[in-house]
Structure formats: structure tokens, C-alpha cells
Amino acid sequence: MRLDQRLIAGMIRPRTRVLDVGSGDGALLDYLFRNSGCDARGIEIDMREVTRSVAHGLPVMHGDADHDLVHYPDNAFDYVVLQRTLQAVERPREVLRQMLRIGRYAIVSFPNFGHWRLRLQLLLRGRMPMTSVWSTPWYDTPNIHPCTILDFLTLCRDEGYVVQQWMAVDEDGERAPWRRSIRLANLFGEQALFLLRRKDTPRK
């Protein structure tokens, strides 16, 4: 699994109900099912990934975050996961609302557009930056809503979500030593992970 998937797995309690939105090849679902005893299922927009997941016995349906979460009943899951997909959805705020309607907790990971390398490339080159995380040219990228860690925290505050846990990490797998400082994490963290809940949801 990718680094963010391993960290997400560590946020999820065993034997809980999990929906992975944008489940990709199903690596996280497979881990949660085999190692944590979770009732884990996914939805994925790429039909090839759906076919691959189903062929491996994973319960994955074809669908997308922007249009299909509305069909799930309230509190259907303990955790709803959105891994590296927030920046690619059409309506990020509405997707988060739906995640915390159908799940007690939402886990979100995304690449941090505020990382210092991206800032420096924009400053010195005046062009859309390219890194190992942001590796697709602007004209081919699915990332239509890039955001920074500070942007995401502002959205959570405006929507009234409680940030129960957060971390900023780099692609090599090291948790940022500035983890307790949001501003330093926004500058040095290549990707971020957040565990969210509604105010009326008790701490786990």
C-alpha cells in the first residue's frame, strides 16, 4: 500500500463498517478486510479498477463521489475514506458533507499544494509545478481543486467539522517533525491526512 493508505488503515478501528470512496485497485479495502476484520466496500469511477477489484473478490461498485454518495442512508458506515481524491472531485465541500452524513467519521488524504517546492517552482519558473506527488501536466491532470493544508482547515472550520486527528508527511514516509505546527506542516508536508467528525459525534 501507499504511505497514506497505511496511515489511514491505522486510523480505522477493527471490525467496523468502512466505505472507501475512490478505492482504486482496492489495496486499502483488501488490507482492512484481511487484517482488521472490517466490513469494507468501495466505489470507484474507473471501470478498469472496479473490474480488477471485483476479480480479486472485493466488494467495489462503479460510481463517483460527486453523484453517488447521496444515495446512501444516514450513518450507514463508521468510516468514510477519501484517499487522494479530494482535489479531483467537482464539489469538494458537498462531498465532505455527504461523507459525514453517511459516516460517523471521515478520513481524508490529499497532496498539499502549499509545499515549499511547489511555491518555489511557481516563484522561479512561473509555471505549474511538477513533483513526485503532482506528476501530471496541467492539461492532463484530474486535479481541478488543489488546496493547501490551511485551505482545508478553513473549510472544516467554516463547515463546523471537528478535526480529531491530523498529520503531515512526506513521500518518503516520514511524519513531519513540525506536526504540532500547522503553518510549518503547510510548508513542509507533501501530503496531509485528516480524521474528521461532526460536533454531535462522540470521540472514538
# chains A, B, ... in the order shown; residues from 1 in each chain; ligands from 1
>>> residues_around(residues="range 108-117 of chain A", least_positions_apart="6", cutoff="6 Å", atoms="only C-alpha atoms", output="list in words")
Leu82, Gln83, Arg84, Cys147, Thr148, Asn186, Leu187, Phe188, Glu190, Gln191, Ala192, Leu193 and Phe194 of chain A
>>> residues_around(residues="Val60 in chain A", least_positions_apart="4", cutoff="9 Å", atoms="only C-alpha atoms", output="list of chain:residue names")
A:Asp20, A:Ser23, A:Gly26, A:Arg41, A:Gly42, A:Ile43, A:Glu44, A:Val50, A:Thr51, A:Ser53, A:Val54
>>> closest_residue(among="A:Val81, A:Val133, A:Ile45, A:Val95", to="Leu69 in chain A", atoms="only C-alpha atoms")
A:Val95
>>> residues_around(residues="Ala55 in chain A", least_positions_apart="6", cutoff="12 Å", atoms="only C-alpha atoms", output="count of residues only")
4
>>> residues_around(residues="Tyr105 in chain A", least_positions_apart="2", cutoff="9 Å", atoms="only C-alpha atoms", output="list in words")
Phe77, Asp78, Tyr79, Val80, Val81, Met99, Leu100, Ile102, Gly103, Ile107, Leu195, Leu196, Arg197, Arg198 and Thr201 of chain A
>>> write_last_selection(atoms="N, CA, C and O atoms", output="JSON list (two decimals), in the first residue's frame")
[["chain", "number", "residue", "atom", "x", "y", "z"],
["A", 77, "PHE", "N", -22.16, 3.95, 7.73],
["A", 77, "PHE", "CA", -20.79, 3.48, 7.94],
["A", 77, "PHE", "C", -20.18, 4.12, 9.18],
["A", 77, "PHE", "O", -20.61, 5.19, 9.61],
["A", 78, "ASP", "N", -19.17, 3.45, 9.71],
["A", 78, "ASP", "CA", -18.39, 4.05, 10.80],
["A", 78, "ASP", "C", -17.37, 5.02, 10.23],
["A", 78, "ASP", "O", -17.15, 6.10, 10.79],
["A", 79, "TYR", "N", -16.74, 4.65, 9.12],
["A", 79, "TYR", "CA", -15.73, 5.49, 8.48],
["A", 79, "TYR", "C", -16.01, 5.59, 6.98],
["A", 79, "TYR", "O", -16.32, 4.59, 6.34],
["A", 80, "VAL", "N", -15.88, 6.80, 6.46],
["A", 80, "VAL", "CA", -15.90, 7.00, 5.02],
["A", 80, "VAL", "C", -14.56, 7.61, 4.64],
["A", 80, "VAL", "O", -14.16, 8.66, 5.19],
["A", 81, "VAL", "N", -13.86, 6.97, 3.72],
["A", 81, "VAL", "CA", -12.49, 7.34, 3.37],
["A", 81, "VAL", "C", -12.46, 7.97, 1.98],
["A", 81, "VAL", "O", -13.10, 7.47, 1.05],
["A", 99, "MET", "N", -20.05, 12.68, 3.09],
["A", 99, "MET", "CA", -19.24, 11.71, 3.83],
["A", 99, "MET", "C", -19.60, 11.70, 5.31],
["A", 99, "MET", "O", -19.71, 10.64, 5.93],
["A", 100, "LEU", "N", -19.79, 12.88, 5.89],
["A", 100, "LEU", "CA", -20.10, 12.97, 7.31],
["A", 100, "LEU", "C", -21.59, 12.84, 7.59],
["A", 100, "LEU", "O", -22.00, 12.84, 8.75],
["A", 102, "ILE", "N", -23.23, 10.14, 5.90],
["A", 102, "ILE", "CA", -23.38, 8.68, 5.83],
["A", 102, "ILE", "C", -22.40, 7.95, 6.74],
["A", 102, "ILE", "O", -22.55, 6.75, 6.97],
["A", 103, "GLY", "N", -21.39, 8.65, 7.27],
["A", 103, "GLY", "CA", -20.41, 8.03, 8.15],
["A", 103, "GLY", "C", -20.24, 8.80, 9.45],
["A", 103, "GLY", "O", -20.44, 10.01, 9.49],
["A", 107, "ILE", "N", -12.26, 10.20, 6.82],
["A", 107, "ILE", "CA", -10.80, 10.23, 6.72],
["A", 107, "ILE", "C", -10.44, 10.72, 5.33],
["A", 107, "ILE", "O", -10.86, 10.13, 4.33],
["A", 195, "LEU", "N", -8.60, 13.12, 10.14],
["A", 195, "LEU", "CA", -9.73, 12.35, 10.66],
["A", 195, "LEU", "C", -10.74, 13.35, 11.21],
["A", 195, "LEU", "O", -10.43, 14.10, 12.14],
["A", 196, "LEU", "N", -11.93, 13.37, 10.62],
["A", 196, "LEU", "CA", -12.94, 14.37, 10.94],
["A", 196, "LEU", "C", -14.18, 13.71, 11.55],
["A", 196, "LEU", "O", -14.48, 12.54, 11.28],
["A", 197, "ARG", "N", -14.91, 14.48, 12.32],
["A", 197, "ARG", "CA", -16.21, 14.07, 12.82],
["A", 197, "ARG", "C", -17.12, 15.28, 12.95],
["A", 197, "ARG", "O", -16.65, 16.41, 12.98],
["A", 198, "ARG", "N", -18.41, 15.02, 13.01],
["A", 198, "ARG", "CA", -19.36, 16.09, 13.29],
["A", 198, "ARG", "C", -19.29, 16.43, 14.77],
["A", 198, "ARG", "O", -18.85, 15.63, 15.59],
["A", 201, "THR", "N", -20.93, 13.97, 17.09],
["A", 201, "THR", "CA", -20.40, 12.61, 17.12],
["A", 201, "THR", "C", -19.37, 12.53, 18.24],
["A", 201, "THR", "O", -18.42, 13.31, 18.29]]
>>> atom_distance(atom1="CA of Ala106 in chain A", atom2="CA of Ser181 in chain A")
22.1 Å
>>> closest_residue(among="A:His56, A:Arg101, A:Gly160, A:Ala185", to="Asn75 in chain A", atoms="only C-alpha atoms")
A:Arg101
>>> closest_residue(among="A:Leu7, A:Leu118, A:Ala76, A:Leu28", to="Ala168 in chain A", atoms="only C-alpha atoms")
A:Leu7
